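Data file: run_1.cif. Format and content: mmCIF, C-alpha atoms.
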data_query
loop_
_atom_site.label_atom_id
_atom_site.label_comp_id
_atom_site.auth_asym_id
_atom_site.auth_seq_id
_atom_site.Cartn_x
_atom_site.Cartn_y
_atom_site.Cartn_z
CA MET L 2 0.00 0.00 0.00
CA THR L 3 1.43 3.39 -0.99
CA TYR L 4 1.32 6.41 1.29
CA SER L 5 -1.39 8.02 -0.88
CA LEU L 6 -3.57 4.93 -0.67
CA HIS L 7 -2.96 4.84 3.07
CA LEU L 8 -4.27 8.41 3.40
CA LEU L 9 -7.32 7.53 1.30
CA ALA L 10 -8.03 4.52 3.51
CA VAL L 11 -7.79 6.64 6.64
CA ALA L 12 -9.98 9.37 5.18
CA ALA L 13 -12.60 6.84 4.15
CA THR L 14 -12.95 5.64 7.74
CA LEU L 15 -13.23 9.06 9.37
CA GLY L 16 -16.49 9.38 11.24
CA VAL L 17 -17.15 5.64 11.03
CA PRO L 18 -17.34 4.12 14.53
CA ARG L 19 -15.16 1.09 15.12
CA SER L 20 -16.62 -1.89 16.91
CA ALA L 21 -15.26 -2.64 20.37
CA GLY L 22 -13.61 -5.83 19.23
CA SER L 23 -12.00 -4.71 15.98
CA HIS L 24 -8.36 -4.11 15.22
CA SER L 25 -6.98 -1.21 13.25
CA PRO L 26 -6.33 -2.02 9.56
CA ASP L 27 -3.61 -4.65 9.17
CA LEU L 28 -0.96 -2.43 7.61
CA ASP L 29 2.54 -3.44 6.71
CA ALA L 30 5.19 -2.00 9.03
CA GLU L 31 6.37 0.46 6.38
CA ASP L 32 2.83 1.72 5.78
CA ALA L 33 2.22 2.07 9.52
CA LEU L 34 5.34 4.24 9.84
CA ALA L 35 4.81 6.21 6.63
CA PRO L 36 2.91 9.22 8.09
CA ALA L 37 5.47 9.81 10.86
CA TRP L 38 8.41 9.27 8.51
CA THR L 39 7.01 11.69 5.93
CA ALA L 40 6.49 14.35 8.61
CA LEU L 41 10.06 13.87 9.85
CA VAL L 42 11.56 14.22 6.37
CA GLN L 43 9.46 17.31 5.67
CA LEU L 44 10.67 18.90 8.90
CA LEU L 45 14.29 18.49 7.80
CA ARG L 46 13.56 19.81 4.32
CA ASP L 47 11.82 22.89 5.70
CA PHE L 48 14.82 23.67 7.90
CA ALA L 49 17.27 23.26 5.02
CA ALA L 50 15.19 25.55 2.79
CA ALA L 51 15.03 28.43 5.29
CA PRO L 52 17.77 30.75 6.62
CA ALA L 53 19.58 29.18 9.55
CA SER L 54 19.52 30.85 12.95
CA PRO L 55 20.02 29.86 16.58
CA SER L 56 16.27 29.93 17.21
CA ALA L 57 15.60 27.80 14.13
CA THR L 58 18.25 25.30 15.22
CA PHE L 59 16.71 25.10 18.68
CA ALA L 60 13.23 24.57 17.25
CA LEU L 61 14.47 21.93 14.80
CA GLU L 62 16.03 19.74 17.49
CA GLN L 63 13.01 20.05 19.76
CA GLN L 64 10.61 19.13 16.96
CA LEU L 65 12.89 16.40 15.65
CA ARG L 66 12.90 14.75 19.06
CA GLU L 67 9.10 14.69 19.02
CA ARG L 68 9.01 13.32 15.47
CA MET L 69 11.49 10.58 16.33
CA ARG L 70 9.49 9.65 19.39
CA GLU L 71 6.32 9.40 17.34
CA LEU L 72 8.11 7.22 14.80
CA GLY L 73 9.21 4.89 17.57
CA ARG L 74 5.77 4.89 19.15
CA LEU L 75 4.08 3.83 15.92
CA GLY L 76 6.72 1.16 15.37
CA LEU L 77 6.19 -0.31 18.82
CA GLU L 78 2.43 -0.23 18.43
CA TRP L 79 2.71 -2.16 15.17
CA ALA L 80 5.17 -4.70 16.61
CA TYR L 81 3.28 -5.35 19.85
CA ASN L 82 0.00 -5.81 18.01
CA HIS L 83 1.58 -8.53 15.86
CA VAL L 84 2.67 -10.75 18.76
CA GLU L 85 -0.71 -12.51 18.78
CA PRO L 86 -2.50 -13.76 15.65
CA ARG L 87 -5.09 -11.28 14.44
CA GLU L 88 -7.69 -14.03 14.10
CA VAL L 89 -9.05 -14.98 17.52
CA GLU L 90 -9.84 -18.49 16.30
CA ALA L 91 -6.12 -19.08 15.70
CA LEU L 92 -5.51 -18.96 19.46
CA PRO L 93 -6.13 -21.97 21.72
CA SER L 94 -9.60 -22.15 23.26
CA HIS L 95 -8.21 -23.15 26.66
CA VAL L 96 -4.93 -22.45 28.45
CA GLU L 97 -3.55 -23.15 31.91
CA PHE L 98 -1.65 -20.59 33.96
CA GLU L 99 -0.32 -21.22 37.47
CA ALA L 100 -2.40 -24.41 37.75
CA THR L 101 -5.63 -22.56 36.86
CA PRO L 102 -7.52 -23.35 33.62
CA TYR L 103 -8.72 -20.43 31.51
CA THR L 104 -11.16 -20.18 28.59
CA ARG L 105 -10.69 -17.79 25.67
CA LEU L 106 -13.03 -14.83 25.21
CA GLY L 107 -14.67 -14.15 21.87
CA ARG L 108 -12.98 -10.92 20.82
CA PRO L 109 -9.94 -8.76 21.58
CA THR L 110 -10.12 -5.66 23.74
CA PRO L 111 -7.78 -2.64 23.76
CA GLN L 112 -5.38 -1.55 26.48
CA VAL L 113 -3.35 1.64 26.65
CA VAL L 114 0.27 0.63 27.29
CA ALA L 115 3.01 3.03 28.36
CA THR L 116 6.36 2.78 26.56
CA LEU L 117 9.55 4.84 26.37
CA PHE L 118 8.07 6.46 23.25
CA GLY L 119 4.64 7.28 24.69
CA ASN L 120 1.35 5.43 24.93
CA VAL L 121 0.36 2.76 22.43
CA ARG L 122 -2.90 0.89 22.01
CA LEU L 123 -2.54 -2.86 22.39
CA TRP L 124 -5.31 -5.19 21.22
CA ARG L 125 -5.23 -8.42 23.20
CA VAL L 126 -7.35 -11.52 23.65
CA GLY L 127 -8.35 -12.35 27.20
CA TYR L 128 -8.97 -15.64 28.97
CA ARG L 129 -11.37 -15.97 31.91
CA PRO L 130 -11.08 -18.63 34.62
CA THR L 131 -12.92 -21.69 33.33
CA HIS L 132 -14.40 -22.53 36.73
CA ARG L 133 -15.18 -18.90 37.69
CA THR L 134 -12.82 -18.94 40.64
CA GLY L 135 -12.77 -15.16 40.90
CA GLU L 136 -9.31 -14.80 39.37
CA SER L 137 -8.71 -11.82 37.09
CA THR L 138 -8.93 -12.18 33.33
CA LEU L 139 -5.65 -13.43 31.90
CA PHE L 140 -4.08 -11.71 28.89
CA PRO L 141 -1.26 -13.96 27.61
CA VAL L 142 0.27 -11.30 25.37
CA ALA L 143 0.64 -8.98 28.38
CA VAL L 144 2.52 -11.75 30.17
CA GLN L 145 4.71 -12.34 27.11
CA LEU L 146 5.55 -8.63 26.84
CA GLY L 147 6.24 -8.38 30.57
CA LEU L 148 3.80 -5.54 31.18
CA ALA L 149 3.79 -4.15 34.72
CA ALA L 150 0.65 -2.20 35.62
CA GLY L 151 0.19 -1.31 31.96
CA ALA L 152 3.83 -0.32 31.36
CA THR L 153 6.52 -2.07 29.34
CA PRO L 154 9.64 -3.30 31.16
CA ALA L 155 11.78 -0.51 29.70
CA VAL L 156 9.63 2.39 30.87
CA ALA L 157 8.86 0.67 34.19
CA GLU L 158 12.61 0.39 34.82
CA ARG L 159 13.04 4.05 33.92
CA ALA L 160 10.29 5.18 36.29
CA ALA L 161 11.58 3.03 39.16
CA TYR L 162 15.16 4.23 38.63
CA ASP L 163 14.15 7.90 38.61
CA GLN L 164 12.04 7.43 41.72
CA SER L 165 14.89 5.68 43.56
CA GLU L 166 17.41 8.48 43.04
CA ALA L 167 18.48 10.44 46.10
CA GLY L 168 16.19 13.42 46.62
CA ALA L 169 13.65 12.20 44.07
CA THR L 170 10.00 13.14 44.49
CA GLN L 171 6.92 11.76 42.83
CA ARG L 172 6.29 15.12 41.24
CA ARG L 173 9.78 15.25 39.75
CA THR L 174 9.57 11.68 38.44
CA ARG L 175 6.21 12.35 36.81
CA GLN L 176 7.64 15.50 35.23
CA ARG L 177 10.52 13.51 33.75
CA LEU L 178 8.15 10.91 32.34
CA ARG L 179 6.07 13.66 30.77
CA ASP L 180 9.02 15.56 29.29
CA ASP L 181 11.12 12.60 28.14
CA HIS L 182 8.48 10.04 27.20
CA GLY L 183 5.21 11.90 26.69
CA LEU L 184 3.53 10.05 29.57
CA ARG L 185 1.09 11.84 31.85
CA TRP L 186 0.95 9.60 34.89
CA GLY L 187 -0.87 10.30 38.09
CA ILE L 188 0.56 9.42 41.49
CA LYS L 189 -1.51 6.22 41.65
CA LYS L 190 -0.12 5.01 38.33
CA LEU L 191 3.47 5.80 39.30
CA ARG L 192 3.15 4.01 42.62
CA ALA L 193 1.61 0.94 40.98
CA VAL L 194 4.42 0.63 38.42
CA VAL L 195 7.20 1.18 40.97
CA ALA L 196 5.60 -1.35 43.32
CA ARG L 197 5.46 -3.96 40.55
CA VAL L 198 9.14 -3.41 39.78
CA ALA L 199 10.04 -3.69 43.47
CA ASP L 200 8.05 -6.91 43.82
CA GLY L 201 9.73 -8.38 40.76
CA MET L 202 13.20 -7.61 42.12
CA ALA L 203 12.51 -8.74 45.69
CA ALA L 204 13.43 -12.39 45.14
CA ALA L 205 16.90 -11.57 43.84
CA ARG L 206 17.60 -8.38 45.81
CA HIS L 207 19.29 -9.95 48.86
CA ASP L 208 21.68 -12.16 46.89
CA VAL L 209 22.65 -9.30 44.58
CA GLN L 210 23.27 -6.96 47.51
CA VAL L 211 25.44 -9.55 49.26
CA GLN L 212 27.51 -10.15 46.13
CA ASN L 213 27.94 -6.41 45.66
CA VAL L 214 29.16 -5.92 49.24
CA LEU L 215 31.60 -8.82 48.90
CA ARG L 216 32.91 -7.39 45.65
CA LEU L 217 33.48 -3.98 47.23
CA LEU L 218 35.20 -5.51 50.27
CA GLU L 219 37.49 -7.55 48.06
CA GLN L 220 38.30 -4.45 46.04
CA ALA L 221 39.07 -2.53 49.24
CA TRP L 222 41.43 -5.21 50.57
CA LEU L 223 43.36 -5.18 47.33
CA GLY L 224 44.15 -1.50 47.86
CA THR L 225 47.58 -0.30 48.98
CA GLY L 226 46.51 2.39 51.44
CA PRO L 227 47.76 2.50 55.06
CA HIS L 228 44.36 1.82 56.67
CA LYS L 229 42.21 -1.26 56.95
CA PRO L 230 38.84 -1.23 55.14
CA VAL L 231 35.81 -0.07 57.14
CA LEU L 232 32.29 -1.23 56.33
CA SER L 233 29.81 1.62 56.83
CA VAL L 234 26.16 0.68 57.27
CA GLY L 235 23.53 3.38 57.23
CA ARG L 236 19.81 4.05 57.05
CA ASP L 237 17.95 7.30 56.44
CA GLY L 238 21.14 9.31 56.21
CA ILE L 239 22.68 7.97 59.45
CA SER L 240 25.92 6.02 58.96
CA PHE L 241 28.08 4.04 61.37
CA GLY L 242 31.67 3.03 60.70
CA LEU L 243 32.20 -0.62 61.65
CA PRO L 244 35.58 -2.38 61.53
CA VAL L 245 35.58 -5.62 59.58
CA ARG L 246 35.97 -8.10 62.43
CA GLY L 247 38.01 -11.21 61.93
CA ALA L 248 39.96 -9.69 59.07
CA PRO L 249 43.67 -10.54 58.87
CA CYS L 250 46.10 -7.94 60.15
CA SER L 251 48.03 -7.97 56.91
CA ARG L 252 46.51 -6.67 53.71
CA SER L 253 46.57 -10.07 52.07
CA ARG L 254 43.54 -10.93 50.00
CA PRO L 255 40.74 -12.42 52.13
CA ARG L 256 38.86 -15.53 51.15
CA VAL L 257 35.42 -14.80 49.73
CA ARG L 258 32.97 -17.66 49.85
#

Target format structure tokens, applied to this file:
Amino acid sequence: MTYSLHLLAVAATLGVPRSAGSHSPDLDAEDALAPAWTALVQLLRDFAAAPASPSATFALEQQLRERMRELGRLGLEWAYNHVEPREVEALPSHVEFEATPYTRLGRPTPQVVATLFGNVRLWRVGYRPTHRTGESTLFPVAVQLGLAAGATPAVAERAAYDQSEAGATQRRTRQRLRDDHGLRWGIKKLRAVVARVADGMAAARHDVQVQNVLRLLEQAWLGTGPHKPVLSVGRDGISFGLPVRGAPCSRSRPRVR
């Protein structure tokens, strides 16, 4: 499909309501990206055709960032919507997840998913508990993509990292998400995503922290300074210097088990 035909197809559907269970037209990846790509190229051509100036340079880079983000957003939306077959009948009628049987629903439903490039609309097929046990509807594609509270792993990691920085506030984190990724999250959304990330890391957190402390201690003992290493443990800004008990008097490398 050419770009012109794509525009005609879009224009023909304007004002026509879409049923709740229908997908967007099944475009090829190139056709899905064509509008954003054309706008990006035109932006560069317009800049090259006009007199250059500091203000024009500033505006170009700001607008180019937005165009690139839109290009990435459309690409992700296309890719994520092609994880599952478009025909519902092509999916299994029954699945089992965590020892619970589920039965497929009759049509896909949309979900707004947050990504590093902004929000995308994901059409996914749900499965309800076969025996009506009260469990939530299961969406296998969401599990495959690793969605956490409606956010992809990449943007969930970004939000959790920003929120964990020293001096970070929820307001500042939400501002970053809005400026850098075009996401307008409320406090409830931010807390839900960060909590999901924390829960996912909980199982491995202790072992990783132990290994990191051992690595730092080993690095300290390999140093050539005149003083023995001191392990400082702190909470809420209060630190205590503790000598490493049982360490050899010499600066020979300790055994790390």

message: Show me, as a list in words, the residues that have an atom within 7 Å of Leu123 (chain L) when counting all atoms listed in the file, minus same-chain residues fewer than 4 positions from it.
response: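 Surrounding residues, per the criterion: Glu78, Tyr81, Asn82, Pro111, Gln112, Val113 and Val114 of chain L.
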
- prompt: What gap, in Å, lies between CA of Val198 (chain L) and CA of Pro154 (chain L)?
  reply: 8.6 Å

task: Might you spell out which residues the PyMOL selection byres ((chain L and resi 45) around 12) would select in the displayed file, as an MDAnalysis selection string?
output: chainID L and resid 38:44 46:51 57:58 60:62 64:66 68:69

- prompt: Which of these, L:Leu146, L:Pro102, L:His132, L:Ser54, has the shortest distance to Ala80 (chain L) once you count only C-alpha atoms?
  reply: L:Leu146

Residues selected by the PyMOL selection byres ((chain L and resi 84-86) around 12), written as a ChimeraX atom specification: /L:24,27,77-83,87-93,109,123-127,140-146

- request: Evaluate the PyMOL selection byres ((chain L and resi 178-193) around 12) on the structure here and hand back the selected residues as a ChimeraX atom specification.
  value: /L:63,66-71,73-74,113-121,148-152,155-165,170-177,194-200

query: Can you tell me how far CA of Met202 (chain L) sits from CA of Gly147 (chain L), in Å to one decimal?
result: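 Here the two named atoms are 13.5 Å from each other.
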
message: Just checking: using only C-alpha atoms, which residue out of L:Ala167, L:Leu218, L:Ala205, L:Ala35 ends up closest to Leu232 (chain L)?
response: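 Among the listed residues, L:Leu218 lies closest to Leu232 (chain L).
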
Complete the atoms of region 206-217 of chain L to all heavy atoms and put them out as a compact mmCIF listing (two decimals), in the frame of the given file.
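So selection15.txt came out as:
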# COMPACT_ATOMS: atom_id res chain seq x y z
N ARG L 206 16.94 -9.55 45.24
CA ARG L 206 17.60 -8.38 45.81
C ARG L 206 18.67 -8.74 46.84
O ARG L 206 19.79 -8.23 46.80
CB ARG L 206 16.57 -7.45 46.44
CG ARG L 206 17.19 -6.17 47.04
CD ARG L 206 16.15 -5.28 47.67
NE ARG L 206 15.22 -4.78 46.67
CZ ARG L 206 13.93 -5.11 46.63
NH1 ARG L 206 13.42 -5.92 47.53
NH2 ARG L 206 13.15 -4.61 45.69
N HIS L 207 18.35 -9.63 47.78
CA HIS L 207 19.29 -9.95 48.86
C HIS L 207 20.59 -10.53 48.31
O HIS L 207 21.69 -10.09 48.69
CB HIS L 207 18.65 -10.92 49.85
CG HIS L 207 19.59 -11.37 50.94
ND1 HIS L 207 19.96 -10.55 51.98
CD2 HIS L 207 20.25 -12.55 51.12
CE1 HIS L 207 20.80 -11.20 52.77
NE2 HIS L 207 20.99 -12.40 52.28
N ASP L 208 20.48 -11.51 47.43
CA ASP L 208 21.68 -12.16 46.89
C ASP L 208 22.54 -11.16 46.11
O ASP L 208 23.77 -11.19 46.21
CB ASP L 208 21.29 -13.33 45.99
CG ASP L 208 20.68 -14.48 46.78
OD1 ASP L 208 20.89 -14.53 48.00
OD2 ASP L 208 20.00 -15.32 46.16
N VAL L 209 21.90 -10.29 45.36
CA VAL L 209 22.65 -9.30 44.58
C VAL L 209 23.35 -8.32 45.51
O VAL L 209 24.51 -7.94 45.28
CB VAL L 209 21.71 -8.56 43.61
CG1 VAL L 209 22.44 -7.40 42.94
CG2 VAL L 209 21.18 -9.52 42.55
N GLN L 210 22.66 -7.89 46.56
CA GLN L 210 23.27 -6.96 47.51
C GLN L 210 24.46 -7.59 48.21
O GLN L 210 25.50 -6.94 48.41
CB GLN L 210 22.22 -6.51 48.53
CG GLN L 210 21.17 -5.57 47.95
CD GLN L 210 20.06 -5.25 48.95
OE1 GLN L 210 19.81 -6.02 49.87
NE2 GLN L 210 19.41 -4.12 48.76
N VAL L 211 24.33 -8.86 48.59
CA VAL L 211 25.44 -9.55 49.26
C VAL L 211 26.64 -9.64 48.32
O VAL L 211 27.79 -9.36 48.72
CB VAL L 211 25.00 -10.96 49.71
CG1 VAL L 211 26.21 -11.78 50.15
CG2 VAL L 211 24.00 -10.86 50.85
N GLN L 212 26.41 -10.03 47.09
CA GLN L 212 27.51 -10.15 46.13
C GLN L 212 28.17 -8.80 45.89
O GLN L 212 29.40 -8.71 45.73
CB GLN L 212 26.99 -10.73 44.81
CG GLN L 212 26.58 -12.19 44.89
CD GLN L 212 27.74 -13.09 45.31
OE1 GLN L 212 28.87 -12.91 44.85
NE2 GLN L 212 27.45 -14.06 46.17
N ASN L 213 27.38 -7.74 45.88
CA ASN L 213 27.94 -6.41 45.66
C ASN L 213 28.81 -5.98 46.83
O ASN L 213 29.90 -5.41 46.64
CB ASN L 213 26.81 -5.40 45.44
CG ASN L 213 27.32 -4.09 44.86
OD1 ASN L 213 28.20 -4.09 44.00
ND2 ASN L 213 26.77 -2.99 45.33
N VAL L 214 28.36 -6.26 48.06
CA VAL L 214 29.16 -5.92 49.24
C VAL L 214 30.46 -6.71 49.25
O VAL L 214 31.54 -6.17 49.52
CB VAL L 214 28.35 -6.19 50.53
CG1 VAL L 214 29.26 -6.07 51.76
CG2 VAL L 214 27.20 -5.20 50.65
N LEU L 215 30.39 -8.00 48.94
CA LEU L 215 31.60 -8.82 48.90
C LEU L 215 32.58 -8.32 47.83
O LEU L 215 33.80 -8.31 48.05
CB LEU L 215 31.23 -10.28 48.63
CG LEU L 215 30.47 -11.00 49.76
CD1 LEU L 215 30.09 -12.40 49.32
CD2 LEU L 215 31.30 -11.04 51.03
N ARG L 216 32.04 -7.91 46.71
CA ARG L 216 32.91 -7.39 45.65
C ARG L 216 33.61 -6.11 46.09
O ARG L 216 34.82 -5.93 45.86
CB ARG L 216 32.07 -7.12 44.40
CG ARG L 216 32.87 -6.55 43.22
CD ARG L 216 31.96 -6.25 42.04
NE ARG L 216 30.93 -5.29 42.39
CZ ARG L 216 31.13 -3.96 42.42
NH1 ARG L 216 32.34 -3.46 42.13
NH2 ARG L 216 30.14 -3.15 42.72
N LEU L 217 32.88 -5.23 46.77
CA LEU L 217 33.48 -3.98 47.23
C LEU L 217 34.52 -4.23 48.32
O LEU L 217 35.57 -3.57 48.36
CB LEU L 217 32.38 -3.05 47.75
CG LEU L 217 31.41 -2.51 46.69
CD1 LEU L 217 30.29 -1.72 47.35
CD2 LEU L 217 32.14 -1.65 45.67
